[in-house]
Each structure stands twice: as C-alpha cells, then as structure tokens.
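Trainee: To be precise about what I am sending: the file is called coords.txt and holds compact mmCIF, C-alpha atoms.
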```txt
# COMPACT_ATOMS: atom_id res chain seq x y z
CA MET A 1 8.84 -27.24 -26.76
CA ASN A 2 6.11 -26.22 -29.22
CA GLN A 3 6.23 -23.56 -31.90
CA LYS A 4 4.25 -20.97 -29.89
CA TYR A 5 6.79 -21.26 -27.08
CA GLU A 6 9.76 -20.81 -29.41
CA GLN A 7 8.17 -17.86 -31.19
CA LEU A 8 7.39 -16.05 -27.95
CA LEU A 9 10.82 -16.74 -26.44
CA ASN A 10 12.54 -15.35 -29.55
CA ALA A 11 10.24 -12.31 -29.58
CA ILE A 12 11.08 -11.64 -25.93
CA GLU A 13 14.81 -11.95 -26.55
CA ASP A 14 14.59 -9.60 -29.54
CA LYS A 15 12.24 -7.23 -27.65
CA LYS A 16 9.74 -7.58 -30.46
CA ALA A 17 7.05 -9.04 -28.21
CA VAL A 18 4.09 -6.71 -27.68
CA LEU A 19 3.53 -6.40 -23.94
CA GLY A 20 0.30 -5.54 -22.17
CA VAL A 21 -0.48 -4.21 -18.70
CA VAL A 22 -4.02 -4.28 -17.34
CA GLY A 23 -4.54 -1.78 -14.52
CA LEU A 24 -2.51 1.43 -14.75
CA GLY A 25 -2.37 2.29 -11.08
CA TYR A 26 0.42 2.30 -8.48
CA VAL A 27 1.69 -1.07 -9.76
CA GLY A 28 0.76 -1.12 -13.43
CA LEU A 29 1.88 2.32 -14.58
CA PRO A 30 5.46 2.09 -13.21
CA LEU A 31 5.69 -1.42 -14.69
CA ALA A 32 4.51 -0.22 -18.11
CA VAL A 33 6.90 2.73 -18.05
CA GLU A 34 9.85 0.46 -17.22
CA MET A 35 8.88 -1.89 -20.05
CA VAL A 36 8.89 1.02 -22.50
CA LYS A 37 12.22 2.28 -21.17
CA GLN A 38 13.75 -1.12 -21.87
CA GLY A 39 12.66 -1.02 -25.52
CA PHE A 40 9.33 -2.87 -25.62
CA THR A 41 6.06 -1.77 -27.20
CA VAL A 42 3.43 -1.69 -24.45
CA ILE A 43 -0.35 -1.55 -24.55
CA GLY A 44 -1.73 -0.29 -21.26
CA ILE A 45 -5.37 -1.07 -20.49
CA ASP A 46 -7.45 0.64 -17.82
CA VAL A 47 -11.20 1.10 -17.39
CA ASP A 48 -10.74 4.70 -16.22
CA PRO A 49 -10.78 7.03 -19.27
CA SER A 50 -9.36 9.91 -17.22
CA LYS A 51 -6.17 7.96 -16.59
CA ILE A 52 -5.75 7.26 -20.28
CA GLU A 53 -6.23 10.94 -21.08
CA GLN A 54 -3.72 12.02 -18.44
CA ILE A 55 -1.14 9.59 -19.78
CA TYR A 56 -1.51 10.90 -23.33
CA HIS A 57 -1.03 14.42 -21.98
CA GLY A 58 2.05 13.33 -20.04
CA GLU A 59 0.41 14.08 -16.69
CA SER A 60 1.47 11.52 -14.11
CA TYR A 61 -0.99 10.68 -11.32
CA ILE A 62 1.48 8.33 -9.63
CA SER A 63 4.09 9.78 -7.24
CA ASP A 64 6.82 7.36 -8.36
CA ILE A 65 6.53 8.38 -12.03
CA THR A 66 7.39 11.95 -12.96
CA SER A 67 5.42 13.69 -15.68
CA GLU A 68 8.71 14.16 -17.56
CA ASP A 69 9.34 10.38 -17.60
CA LEU A 70 5.78 9.74 -18.67
CA LYS A 71 6.00 12.27 -21.50
CA ALA A 72 9.23 10.66 -22.68
CA CYS A 73 7.58 7.22 -22.75
CA VAL A 74 4.58 8.48 -24.70
CA ALA A 75 6.91 10.32 -27.12
CA THR A 76 8.58 7.03 -28.10
CA GLY A 77 5.34 5.95 -29.75
CA ARG A 78 5.72 2.56 -28.03
CA PHE A 79 3.35 3.24 -25.13
CA LYS A 80 -0.29 2.89 -26.16
CA PRO A 81 -2.80 3.36 -23.31
CA THR A 82 -6.41 2.44 -23.98
CA THR A 83 -9.71 1.41 -22.41
CA ASP A 84 -10.26 -1.13 -25.20
CA TYR A 85 -9.86 -4.72 -23.98
CA SER A 86 -9.99 -6.05 -27.55
CA MET A 87 -6.35 -4.97 -27.83
CA ILE A 88 -5.52 -8.16 -25.91
CA SER A 89 -5.78 -9.88 -29.30
CA VAL A 90 -2.47 -8.31 -30.41
CA ILE A 91 -0.62 -8.71 -27.09
CA ASP A 92 2.03 -11.42 -26.66
CA ALA A 93 2.56 -11.15 -22.89
CA LEU A 94 0.01 -9.69 -20.48
CA SER A 95 0.61 -8.53 -16.87
CA ILE A 96 -2.49 -8.20 -14.68
CA CYS A 97 -2.13 -5.45 -12.06
CA VAL A 98 -5.69 -4.86 -10.84
CA PRO A 99 -6.88 -4.20 -7.26
CA THR A 100 -7.71 -7.05 -4.89
CA PRO A 101 -9.57 -5.42 -1.99
CA LEU A 102 -11.44 -7.03 0.88
CA SER A 103 -15.21 -7.21 1.07
CA GLU A 104 -17.14 -5.68 3.96
CA ASN A 105 -16.92 -9.09 5.64
CA GLN A 106 -13.12 -9.09 5.28
CA ASP A 107 -13.19 -11.78 2.58
CA PRO A 108 -11.11 -11.54 -0.63
CA ASP A 109 -12.74 -9.61 -3.47
CA THR A 110 -11.28 -11.06 -6.66
CA SER A 111 -13.93 -9.56 -8.93
CA TYR A 112 -11.39 -7.34 -10.72
CA ILE A 113 -9.30 -10.38 -11.66
CA THR A 114 -12.42 -12.24 -12.79
CA SER A 115 -13.41 -9.31 -15.00
CA VAL A 116 -10.02 -9.31 -16.70
CA VAL A 117 -10.15 -13.07 -17.24
CA ASP A 118 -13.57 -12.68 -18.85
CA GLN A 119 -12.01 -10.23 -21.33
CA ILE A 120 -9.06 -12.54 -21.95
CA LYS A 121 -11.47 -15.35 -22.82
CA LEU A 122 -13.07 -13.10 -25.43
CA HIS A 123 -9.90 -11.75 -27.04
CA MET A 124 -6.89 -13.97 -26.35
CA LYS A 125 -4.77 -15.55 -29.03
CA LYS A 126 -2.86 -18.80 -28.66
CA GLY A 127 0.65 -18.44 -27.29
CA LEU A 128 -0.25 -15.65 -24.84
CA LEU A 129 1.87 -15.38 -21.69
CA ILE A 130 -0.26 -14.21 -18.73
CA THR A 131 1.33 -13.04 -15.49
CA LEU A 132 -0.81 -12.13 -12.51
CA GLU A 133 0.77 -9.51 -10.24
CA SER A 134 -2.21 -8.66 -8.04
CA THR A 135 -1.75 -9.78 -4.44
CA THR A 136 -4.08 -12.65 -3.61
CA TYR A 137 -4.42 -15.98 -1.82
CA PRO A 138 -2.41 -19.12 -2.75
CA GLY A 139 -4.18 -20.94 -5.57
CA THR A 140 -5.71 -17.92 -7.29
CA THR A 141 -3.60 -18.19 -10.44
CA GLU A 142 -4.73 -21.75 -11.09
CA GLU A 143 -8.32 -21.36 -9.88
CA LEU A 144 -9.26 -18.07 -11.52
CA ILE A 145 -7.11 -18.14 -14.66
CA GLN A 146 -5.81 -21.62 -15.53
CA ASP A 147 -9.05 -23.49 -14.79
CA LYS A 148 -11.20 -20.90 -16.59
CA LEU A 149 -9.09 -20.96 -19.76
CA GLU A 150 -8.62 -24.72 -19.78
CA ALA A 151 -12.41 -25.09 -19.54
CA LEU A 152 -12.50 -23.47 -22.99
CA GLY A 153 -10.11 -26.08 -24.37
CA TYR A 154 -6.80 -24.22 -24.03
CA ARG A 155 -3.90 -26.16 -22.51
CA VAL A 156 -1.54 -24.39 -20.14
CA GLY A 157 2.11 -24.70 -21.18
CA GLU A 158 1.10 -25.32 -24.79
CA ASP A 159 -1.73 -23.00 -25.93
CA PHE A 160 -1.04 -20.35 -23.30
CA PHE A 161 1.51 -19.73 -20.57
CA LEU A 162 0.79 -18.68 -17.01
CA CYS A 163 2.82 -17.21 -14.13
CA PHE A 164 2.38 -15.36 -10.87
CA SER A 165 4.81 -12.61 -9.89
CA PRO A 166 3.78 -10.55 -6.85
CA GLU A 167 4.15 -6.79 -7.06
CA ARG A 168 6.60 -5.20 -4.64
CA VAL A 169 5.77 -1.53 -4.99
CA ASP A 170 6.63 0.84 -2.15
CA PRO A 171 5.27 4.31 -3.05
CA SER A 172 7.74 7.19 -2.55
CA ASN A 173 10.67 4.83 -1.90
CA THR A 174 13.60 6.66 -3.49
CA ARG A 175 15.97 3.69 -3.21
CA PHE A 176 13.99 0.80 -4.67
CA ASN A 177 11.91 0.93 -7.83
CA THR A 178 10.49 -1.44 -10.44
CA PHE A 179 13.90 -2.12 -12.01
CA ASN A 180 16.08 -2.77 -8.95
CA THR A 181 13.57 -4.55 -6.68
CA PRO A 182 14.07 -8.35 -6.93
CA LYS A 183 11.06 -10.05 -8.55
CA VAL A 184 9.76 -13.43 -7.44
CA ILE A 185 8.02 -15.49 -10.14
CA GLY A 186 6.38 -18.89 -10.26
CA GLY A 187 5.21 -20.67 -13.42
CA THR A 188 2.43 -23.21 -13.84
CA THR A 189 4.73 -25.36 -16.01
CA GLU A 190 8.45 -25.38 -16.75
CA ALA A 191 7.80 -23.66 -20.07
CA CYS A 192 5.71 -20.98 -18.35
CA LEU A 193 8.45 -20.28 -15.82
CA THR A 194 11.14 -20.10 -18.49
CA LEU A 195 9.15 -17.57 -20.52
CA GLY A 196 8.16 -15.53 -17.48
CA THR A 197 11.74 -15.40 -16.21
CA ALA A 198 13.06 -14.46 -19.65
CA LEU A 199 10.52 -11.64 -19.94
CA TYR A 200 10.95 -10.10 -16.50
CA SER A 201 14.72 -10.31 -16.80
CA LYS A 202 14.47 -7.75 -19.59
CA TYR A 203 13.18 -5.00 -17.30
CA VAL A 204 13.93 -6.17 -13.75
CA GLU A 205 17.50 -6.37 -12.46
CA LYS A 206 17.07 -9.62 -10.52
CA VAL A 207 14.42 -12.32 -11.04
CA VAL A 208 13.91 -15.01 -8.40
CA PRO A 209 12.24 -18.13 -9.88
CA VAL A 210 10.27 -20.42 -7.53
CA SER A 211 8.73 -23.83 -8.12
CA THR A 212 5.03 -22.94 -8.39
CA PRO A 213 2.64 -19.97 -8.52
CA LYS A 214 1.41 -20.96 -5.03
CA VAL A 215 4.91 -20.43 -3.61
CA ALA A 216 5.10 -17.00 -5.27
CA GLU A 217 1.63 -16.08 -3.99
CA MET A 218 2.50 -17.25 -0.48
CA SER A 219 5.80 -15.35 -0.47
CA LYS A 220 3.97 -12.05 -0.90
CA LEU A 221 1.56 -12.84 1.91
CA LEU A 222 4.41 -13.90 4.18
CA GLU A 223 6.27 -10.63 3.56
CA ASN A 224 3.34 -8.46 4.60
CA THR A 225 1.98 -10.71 7.35
CA PHE A 226 5.44 -10.55 8.92
CA ARG A 227 5.18 -6.76 8.91
CA SER A 228 1.60 -6.74 10.19
CA VAL A 229 2.41 -9.00 13.14
CA ASN A 230 5.51 -7.03 14.12
CA ILE A 231 3.74 -3.67 13.82
CA ALA A 232 0.93 -5.03 15.98
CA PHE A 233 3.46 -6.19 18.56
CA ILE A 234 5.13 -2.79 18.77
CA ASN A 235 1.73 -1.07 18.89
CA GLU A 236 0.86 -3.22 21.88
CA MET A 237 4.21 -2.39 23.46
CA ALA A 238 3.44 1.32 22.91
CA MET A 239 0.17 1.01 24.81
CA MET A 240 1.93 -0.93 27.55
CA CYS A 241 4.66 1.71 27.87
CA ASP A 242 2.00 4.41 27.96
CA ARG A 243 0.44 2.66 30.97
CA MET A 244 3.82 2.16 32.64
CA GLY A 245 5.14 5.68 32.09
CA ILE A 246 7.96 4.59 29.77
CA ASP A 247 8.82 6.23 26.43
CA ILE A 248 8.46 3.49 23.79
CA TRP A 249 10.41 5.53 21.24
CA GLU A 250 13.44 5.73 23.50
CA VAL A 251 13.10 2.01 24.22
CA ILE A 252 13.11 1.18 20.49
CA ASP A 253 16.15 3.39 19.86
CA ALA A 254 18.01 1.66 22.67
CA ALA A 255 17.09 -1.84 21.48
CA ALA A 256 18.05 -0.97 17.88
CA THR A 257 21.67 -0.48 18.91
CA LYS A 258 21.96 -4.27 19.11
CA PRO A 259 23.77 -5.29 15.91
CA PHE A 260 22.07 -8.69 15.65
CA GLY A 261 18.77 -10.37 16.47
CA PHE A 262 16.62 -7.22 16.49
CA MET A 263 14.76 -5.34 13.76
CA PRO A 264 13.11 -2.05 14.75
CA PHE A 265 9.41 -1.54 14.05
CA TYR A 266 7.55 1.60 15.08
CA PRO A 267 4.08 2.24 16.49
CA GLY A 268 1.52 4.46 14.82
CA PRO A 269 -2.17 5.33 14.55
CA GLY A 270 -2.90 2.17 12.56
CA ILE A 271 -1.79 0.57 9.30
CA GLY A 272 -2.55 1.73 5.78
CA GLY A 273 -1.84 1.10 2.12
CA HIS A 274 -3.03 -1.72 -0.08
CA CYS A 275 -0.80 -4.47 1.30
CA ILE A 276 -0.39 -4.72 5.07
CA PRO A 277 -4.05 -4.21 6.08
CA LEU A 278 -5.29 -6.66 3.42
CA ASP A 279 -2.74 -9.37 2.64
CA PRO A 280 -2.80 -11.15 6.03
CA MET A 281 -6.59 -11.45 5.77
CA TYR A 282 -6.24 -13.13 2.36
CA LEU A 283 -3.96 -15.70 3.97
CA SER A 284 -6.20 -16.17 7.00
CA TRP A 285 -9.26 -16.64 4.77
CA LYS A 286 -7.53 -19.26 2.63
CA ALA A 287 -6.14 -21.10 5.68
CA LYS A 288 -9.64 -21.52 7.09
CA GLY A 289 -10.46 -23.62 4.04
CA PHE A 290 -7.87 -26.08 5.36
CA ARG A 291 -9.33 -25.86 8.90
CA PHE A 292 -6.28 -23.90 10.01
CA TYR A 293 -6.93 -20.81 12.11
CA SER A 294 -4.08 -18.32 12.43
CA LYS A 295 -4.23 -16.73 15.85
CA PHE A 296 -1.26 -14.48 15.10
CA ILE A 297 -2.92 -12.97 12.03
CA GLU A 298 -6.26 -12.38 13.72
CA LEU A 299 -4.65 -10.91 16.85
CA ALA A 300 -2.38 -8.63 14.82
CA GLN A 301 -5.30 -7.41 12.72
CA SER A 302 -7.36 -6.72 15.83
CA THR A 303 -4.51 -4.83 17.52
CA ASN A 304 -3.75 -2.69 14.49
CA ASP A 305 -7.44 -2.01 13.82
CA ASN A 306 -7.82 -0.71 17.37
CA MET A 307 -5.02 1.84 17.17
CA PRO A 308 -7.31 4.66 15.90
CA TYR A 309 -9.42 4.14 19.04
CA TYR A 310 -6.28 4.39 21.16
CA VAL A 311 -5.51 7.73 19.45
CA ILE A 312 -9.00 8.98 20.32
CA SER A 313 -8.58 7.85 23.92
CA LYS A 314 -5.19 9.55 24.11
CA THR A 315 -6.68 12.76 22.74
CA SER A 316 -9.46 12.64 25.32
CA THR A 317 -6.95 12.24 28.14
CA ILE A 318 -4.87 15.16 26.88
CA LEU A 319 -7.81 17.50 26.37
CA ASN A 320 -8.96 16.64 29.86
CA GLU A 321 -5.72 18.15 31.16
CA TYR A 322 -6.93 21.44 29.66
CA ALA A 323 -10.43 21.08 31.13
CA LYS A 324 -11.85 20.23 27.71
CA SER A 325 -13.55 17.26 26.10
CA ILE A 326 -13.43 15.97 22.54
CA LYS A 327 -17.06 17.00 22.10
CA LYS A 328 -17.20 20.49 20.58
CA SER A 329 -13.41 20.78 20.56
CA ASN A 330 -11.78 22.07 17.38
CA ILE A 331 -9.32 19.42 16.21
CA LEU A 332 -6.86 19.55 13.32
CA VAL A 333 -5.66 16.24 11.87
CA LEU A 334 -2.19 16.83 10.43
CA GLY A 335 -1.58 14.49 7.49
CA MET A 336 -4.13 12.08 6.02
CA ALA A 337 -2.14 9.92 3.56
CA TYR A 338 -1.17 6.48 4.85
CA LYS A 339 2.58 7.21 4.66
CA PRO A 340 4.80 10.29 4.27
CA ASP A 341 5.23 12.32 1.09
CA ILE A 342 2.51 10.66 -1.02
CA SER A 343 -1.17 11.33 -1.70
CA ASP A 344 -2.25 7.69 -1.32
CA LEU A 345 -5.21 7.36 1.05
CA ARG A 346 -5.84 3.63 0.63
CA GLU A 347 -6.75 2.16 4.03
CA SER A 348 -5.21 5.17 5.77
CA PRO A 349 -5.79 5.10 9.54
CA GLY A 350 -6.27 8.85 9.34
CA LEU A 351 -9.64 8.30 7.67
CA GLU A 352 -10.81 6.22 10.62
CA VAL A 353 -9.42 8.70 13.14
CA TYR A 354 -11.25 11.53 11.36
CA GLU A 355 -14.57 9.67 11.50
CA LEU A 356 -14.10 8.74 15.16
CA TYR A 357 -13.51 12.39 16.09
CA LYS A 358 -16.68 13.37 14.24
CA GLU A 359 -18.65 10.61 15.98
CA SER A 360 -17.34 11.95 19.30
CA GLY A 361 -18.78 15.38 18.53
CA ALA A 362 -15.58 17.20 17.61
CA ASN A 363 -15.29 19.91 14.98
CA VAL A 364 -12.56 18.24 12.95
CA GLU A 365 -10.59 19.43 9.92
CA TYR A 366 -7.40 18.23 8.32
CA TYR A 367 -4.34 19.51 6.52
CA ASP A 368 -2.32 17.46 4.03
CA PRO A 369 -0.14 19.00 1.29
CA TYR A 370 -0.45 15.83 -0.83
CA ALA A 371 -3.92 14.38 -0.18
CA VAL A 372 -5.99 17.48 -0.87
CA SER A 373 -9.41 15.82 -0.53
CA PHE A 374 -11.18 12.57 0.31
CA ARG A 375 -14.69 11.21 0.59
CA ASP A 376 -15.99 10.55 4.09
CA LYS A 377 -18.18 7.57 5.00
CA ASN A 378 -21.27 9.53 3.93
CA GLY A 379 -19.82 10.09 0.47
CA GLU A 380 -19.23 13.79 1.04
CA THR A 381 -15.99 15.36 -0.20
CA VAL A 382 -13.77 16.74 2.54
CA HIS A 383 -11.07 19.21 1.52
CA SER A 384 -7.78 19.96 3.22
CA VAL A 385 -7.58 23.34 4.89
CA ALA A 386 -4.84 25.73 3.82
CA TYR A 387 -1.54 25.86 5.67
CA ASP A 388 -2.25 28.80 7.95
CA LEU A 389 -0.36 29.07 11.23
CA ALA A 390 -2.70 31.77 12.51
CA LYS A 391 -5.63 29.41 12.04
CA PHE A 392 -3.70 26.42 13.37
CA LYS A 393 -3.19 28.33 16.61
CA THR A 394 -6.96 28.49 17.15
CA TYR A 395 -7.45 24.72 17.37
CA ASP A 396 -7.88 23.03 20.72
CA CYS A 397 -5.68 20.15 19.61
CA ILE A 398 -3.47 19.14 16.65
CA VAL A 399 -3.14 15.41 15.93
CA LEU A 400 -0.17 14.35 13.79
CA ILE A 401 -1.14 11.28 11.74
CA THR A 402 1.28 11.42 8.78
CA ASN A 403 4.82 12.73 9.22
CA HIS A 404 5.36 14.40 5.83
CA SER A 405 8.98 15.49 5.50
CA GLY A 406 8.09 18.97 4.24
CA LEU A 407 6.20 20.02 7.36
CA ASP A 408 7.92 22.58 9.57
CA TYR A 409 7.57 20.85 12.92
CA GLY A 410 9.35 23.61 14.82
CA GLU A 411 6.94 26.16 13.44
CA ILE A 412 3.95 24.05 14.43
CA ALA A 413 5.37 23.24 17.85
CA SER A 414 5.89 26.95 18.57
CA LEU A 415 2.13 27.56 18.39
CA GLY A 416 1.67 26.16 21.87
CA VAL A 417 -1.38 24.14 20.84
CA PRO A 418 -1.61 20.67 22.46
CA ILE A 419 -0.19 18.16 19.97
CA VAL A 420 -0.85 14.42 19.82
CA ASP A 421 2.14 12.96 17.98
CA THR A 422 1.49 9.45 16.64
CA ARG A 423 4.76 9.23 14.66
CA ASN A 424 7.40 10.76 16.95
CA ALA A 425 7.73 13.55 14.39
CA PHE A 426 8.20 16.13 17.17
CA ARG A 427 10.99 14.16 18.85
CA SER A 428 13.32 17.16 18.78
CA PHE A 429 10.99 19.25 20.91
CA ASN A 430 10.50 18.78 24.65
CA GLU A 431 7.71 21.29 25.15
CA PRO A 432 5.10 20.03 27.66
CA HIS A 433 2.21 20.58 25.23
CA ILE A 434 3.58 17.86 22.90
CA TYR A 435 2.34 14.36 23.73
CA LYS A 436 3.46 11.14 22.06
CA ILE A 437 1.66 7.84 21.80
CA GLY A 438 3.54 5.22 23.78
CA HIS A 439 4.41 7.86 26.39
CA SER A 440 2.05 8.62 29.24
CA VAL A 441 0.56 12.04 29.95
CA GLN A 442 1.41 11.60 33.63
CA HIS A 443 5.08 11.02 32.76
CA LEU A 444 5.13 14.23 30.72
CA GLN A 445 3.63 16.17 33.61
CA GLU A 446 6.41 14.88 35.85
CA LEU A 447 8.95 15.96 33.22
CA GLU A 448 7.39 19.41 33.07
CA MET A 449 7.61 19.78 36.87
CA ALA A 450 11.23 18.65 36.80
CA LEU A 451 12.06 21.25 34.14
CA ILE A 452 10.34 23.98 36.17
CA GLY A 453 12.12 22.88 39.31
```
Hey, can you dump this file as structure tokens for me?
Mentor:
Amino acid sequence: MNQKYEQLLNAIEDKKAVLGVVGLGYVGLPLAVEMVKQGFTVIGIDVDPSKIEQIYHGESYISDITSEDLKACVATGRFKPTTDYSMISVIDALSICVPTPLSENQDPDTSYITSVVDQIKLHMKKGLLITLESTTYPGTTEELIQDKLEALGYRVGEDFFLCFSPERVDPSNTRFNTFNTPKVIGGTTEACLTLGTALYSKYVEKVVPVSTPKVAEMSKLLENTFRSVNIAFINEMAMMCDRMGIDIWEVIDAAATKPFGFMPFYPGPGIGGHCIPLDPMYLSWKAKGFRFYSKFIELAQSTNDNMPYYVISKTSTILNEYAKSIKKSNILVLGMAYKPDISDLRESPGLEVYELYKESGANVEYYDPYAVSFRDKNGETVHSVAYDLAKFKTYDCIVLITNHSGLDYGEIASLGVPIVDTRNAFRSFNEPHIYKIGHSVQHLQELEMALIG
C-alpha cells in the first residue's frame, strides 16, 4: 500500500484524522455529533447559514439530537461547522450526506451530489477518503465521483479513496441511533474498503463490509423497496376490507399472532419521509436503463400514491351520512408530519390530503404540535391552529393523519365530531362517530344498531 494509505490508516487509528461531513441535516448532523463524541475533530459543511448559527448556539433543529448534546459537542472545540467548502483542503475523510430528491418527472435529482463533487475538485488534497451516504441508484459512486476525479488525473485507491455507505436514519427511533445501527459499506478498491471500514468502526458499533459500492447502494434500495411494496399490499388489503365490511386492523392483529412466516405492516393515508417514497423510484429508473421494468415497484408506488384520494373518498362517504358534503365543510387535519412525534414534513401524505380537501372546496385547517407550519403548493405559509377543544368541536369532521403519542385521543373522541382515523389511533374507542380506514361505514352502522339493540 502507498504512503497516503498508511498515513490515513494510522491517523484514523489514533483518531487524529480530521473528519468532514457535508450536509448537516437529519443524516449529517447526528453523524457529525457521533464522530465528535468518539474523539474526532469534525468540520461540518452546510450551505444554510442559519443551521451553522444554530449549531454554534447549541440549538438543535434535529429531533434525534438534543440541544444539550449539541452544546456539549460544540464545547469540546472539535466540532467546527461552516459554510466554507474550502475547508475540504484540511479534511482527511469526508462523508457526503446531501439530499437526493426526485424531479417532477420522478427521475433522480443528483444535483446536490454533483455540487459537492465540484467543490471537492477545487479543494481536495491527495489521500482524501470520500464516503457517499446519500441514497441513490447503483453506480452513482463510480459515475458521479470516481469518474469525475479520475478525469482530473487522480487514481482511486492511490491518490484518493472512495466508498459508499448508505444512511440508515429513522427519526424519533429511541432504540436505534447512529452508533448502534449496523452500517453497510462498499469500497471501490480493497484499500478503500479497508480505510472506510476502519473509520466507521470508530463511531459505529457494527460495520458490514460488502464487495462493491454497487452492492451497498443496492442494499439500501432493497430495504426501502421491500417496505414500499409491503405497505402498498396492506393498503390494498385495507381498501378491499373496507369494501367487504371487514376490519383490516383486527385482521392484521390476528395474523400477527403467527410466530413465523408473517411480518405485520399497517395501512395509512400514504407514505412519507425521504426514503420510502423515493428510493424505489431510483431503482426503477436505473433498471429501465437495462431494459428491465419492475412491475412491483410501479404498482406499489401507484397504490401508495393513491391513498390520499382514498382518504378523501372515505371522508366524503362519512360526511354524506350526516347530510353534508366535503364542499364548504369545516375539516381539521390532525397531524401533518409524516410519522409520529417529529416535525419532519418531507413527502408527508398529509400535505397531499390537505391540498385535496382544498381542491374539493372544504375549509381545511390542521393541528400538529411538532410541525407548526408548512408551505402549500402556492407557496403560502400555513400555520397550525392552537389546541382548542372548544374550537375542535365546531368542525364538521376531524381527520387523523399522524398519530402523535402526546395527543389525548379520549379527549378528542369525547367531542362527538365525526373522526376519520387513518392510523387506528382511536382503536380503544367504539363510538359510532369514529371511522377507520380499512373498515366500512356500513359495517359501523350495523355495529351501532347492534349496540342500541
């Protein structure tokens, strides 16, 4: 192995290597904090000056990082956030954690990665270890990083080292975090993999090496495509049970008692977050380049994308029972974040549901204790209403989108307002004005008559 390799390996082992993280969001900030906790000096780079200012003030904007932990990291003097990309010139190992959204045509948007690579080309020094963590299609690491740097005369495995290690962040998960979540990593060469494994082993409990970056990239897409397909299946089962007058939630609970061969998934108003709505489309897009067309991915995406429309249809059916229509009805959307107990609105189905109610002529508002505002499709800021039971009682319908744990469901149920429950959050209440997706309105009417009788 060459001198650059030996120097970097020794620096990693001694924790004298200067580490860098580009993109201080839901992936990058927890990663940087863990690096600092384990004794490394870390330069965090982000284009958003407000994030840098918040970090220096010890104000965390990420739910998984407390302000106290952030203040402690800053106080060590080893965490140096900046907007200055020229700091790459003093970094020994750089992790890229930038967004990889989809374009309006549902094609991969890798412009954020390309922008970072452009900065690396301007400021890199020989011997730099680069690890891409952003979720993307198989081949990205070689195509967008290796090829671009080698075109300048650098040789991978000698002048620079390159790996891919997919992020596995699950916001608000209290059990698994950056340190104890196993980390898959693939290196472009043997030397790259050795260095990448050595580095991540310093701040991740278990590292799982694989043969190539493509395998690591594909593993991430497989994980989330698996979830997308299974969620789509259970969403379809929910709509089927609705038609058949069967409670899908009771069916799932019964099936889940089987100790082998079954894994419970649950229906909902759609899928959200950065991974599940996007990752399968990255895989589908790449597969088309090989003339392979994944019917499962496309069908799952279509099914999940249509769930907000099912919620609107369900609402219309329920309001009809009260001689009302969606048009001009006052509707409260309860919860807007894509999952419980966080403020993350990325790809939240609640945003689509909100717009569909507006398009249907409803007077719609929302309440979310975490996501206090968002921008609608017209670019206007929409603010959460205050938690006010007296006001909640005046709505024609309440639609539960996000089942935050802090909500008092008994209190809300006692209002007597028709409730559309998309998460089975009101499962403990049998009142006839509470309607669940995957459970027909007609079946509930029969239940109500049976209770009266």
Trainee: Smallest atom-to-atom distance to A:Ser63: which of A:Tyr26, A:Tyr409, A:Phe40, A:Phe265, using only C-alpha atoms?
Mentor: A:Tyr26
Trainee: Out of A:Lys288, A:Lys15, A:His439, A:Arg168, which residue has the shortest atom-to-atom distance to A:Ala238 when counting all atoms listed in the file?
Mentor: A:His439
Trainee: Determine the nearest neighbour of A:Ser228 from the options A:Ala75, A:Ile88, A:Met281, A:Val311, counting only C-alpha atoms.
Mentor: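 Under the stated criterion, the closest residue is A:Met281.
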Trainee: Which residue, A:Pro49, A:Pro81, A:Gly196, A:Pro108, has the smallest gap to A:Ser95 when you use all atoms listed in the file?
Mentor: A:Gly196
Trainee: Separation of atom CA of A:Met35 and atom CA of A:Leu199, in Å?
Mentor: 9.9 Å
Trainee: Show me, as JSON, numbers by chain, the residues that have an atom within 9 Å of A:Glu167 when counting only C-alpha atoms, minus same-chain residues fewer than 2 positions from it.
Mentor: {"A": [27, 97, 133, 134, 135, 165, 169, 178, 183, 184, 220]}
Trainee: Could you check which of A:Ile342, A:Pro432, A:Lys358, A:Asn363 is closest to A:Pro171, using all atoms listed in the file?
Mentor: A:Ile342
Trainee: Which one of A:Gly186, A:Gly272, A:Gly23, A:Pro418 sits closest to A:Lys324 if you count only C-alpha atoms?
Mentor: A:Pro418
Trainee: Calculate how many Å separate atom CA of A:Arg155 from atom CA of A:Lys126, rounding to one decimal.
Mentor: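 It comes out at 9.6 Å.
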Trainee: As an exercise, work out the distance from atom CA of A:Val21 to atom CA of A:Ser284 in Å and give it to one decimal place.
Mentor: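 Computed distance, atom CA of A:Val21 to atom CA of A:Ser284, equals 28.9 Å.
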Trainee: Excluding A:Glu205 and its own-chain neighbours fewer than 5 positions away, which residues fall within 10 Å of it when counting all atoms listed in the file? Please give them as number ranges by chain.
Mentor: A: 178-183, 200
Trainee: At a cut-off of 8 Å around the point (5.9, 9.4, 21.2) (file coordinates), what residues fall inside when counting all atoms listed in the file? I'd like the answer as a CSV table (one decimal) with C-alpha atoms, in the frame of the given file.
Mentor:
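Done, and the output landed in selection.csv:
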```
chain,number,residue,atom,x,y,z
A,247,ASP,CA,8.8,6.2,26.4
A,248,ILE,CA,8.5,3.5,23.8
A,249,TRP,CA,10.4,5.5,21.2
A,421,ASP,CA,2.1,13.0,18.0
A,422,THR,CA,1.5,9.4,16.6
A,423,ARG,CA,4.8,9.2,14.7
A,424,ASN,CA,7.4,10.8,17.0
A,427,ARG,CA,11.0,14.2,18.8
A,435,TYR,CA,2.3,14.4,23.7
A,436,LYS,CA,3.5,11.1,22.1
A,437,ILE,CA,1.7,7.8,21.8
A,438,GLY,CA,3.5,5.2,23.8
A,439,HIS,CA,4.4,7.9,26.4
```
Trainee: Please provide the set of residues having any atom within 9 Å of A:Tyr357, restricted to all atoms listed in the file, with same-chain residues fewer than 5 positions apart removed, written as a PyMOL selection string.
Mentor: chain A and resi 312+326-327+331+352+362-364
Trainee: When you look at A:Phe226 with a cut-off of 12 Å (counting all atoms listed in the file), what residues show up, excluding the ones that are within fewer than 6 positions of it in the same chain? I need them as a list of chain:residue names.
Mentor: A:Met218, A:Ser219, A:Lys220, A:Ala232, A:Phe233, A:Met263, A:Phe265, A:Cys275, A:Ile276, A:Pro277, A:Asp279, A:Pro280, A:Leu283, A:Phe296, A:Ile297, A:Ala300, A:Gln301
Trainee: Quick one: everything within 12 Å of A:Cys163, counting only C-alpha atoms, minus sequence neighbours fewer than 5 positions away in the same chain. Send it as number ranges by chain.
Mentor: A: 93-96, 128-134, 139-142, 145-146, 156-157, 184-200, 209-217
Trainee: For stretch 56-63 of chain A, I'd like the enclosing box, axis-aligned and padded by 8 Å on every side, reported as JSON with centre and edge lengths in Å to one decimal.
Mentor:
```
{"center_x": 1.3, "center_y": 11.4, "center_z": -15.3, "size_x": 21.6, "size_y": 22.1, "size_z": 32.1}
```
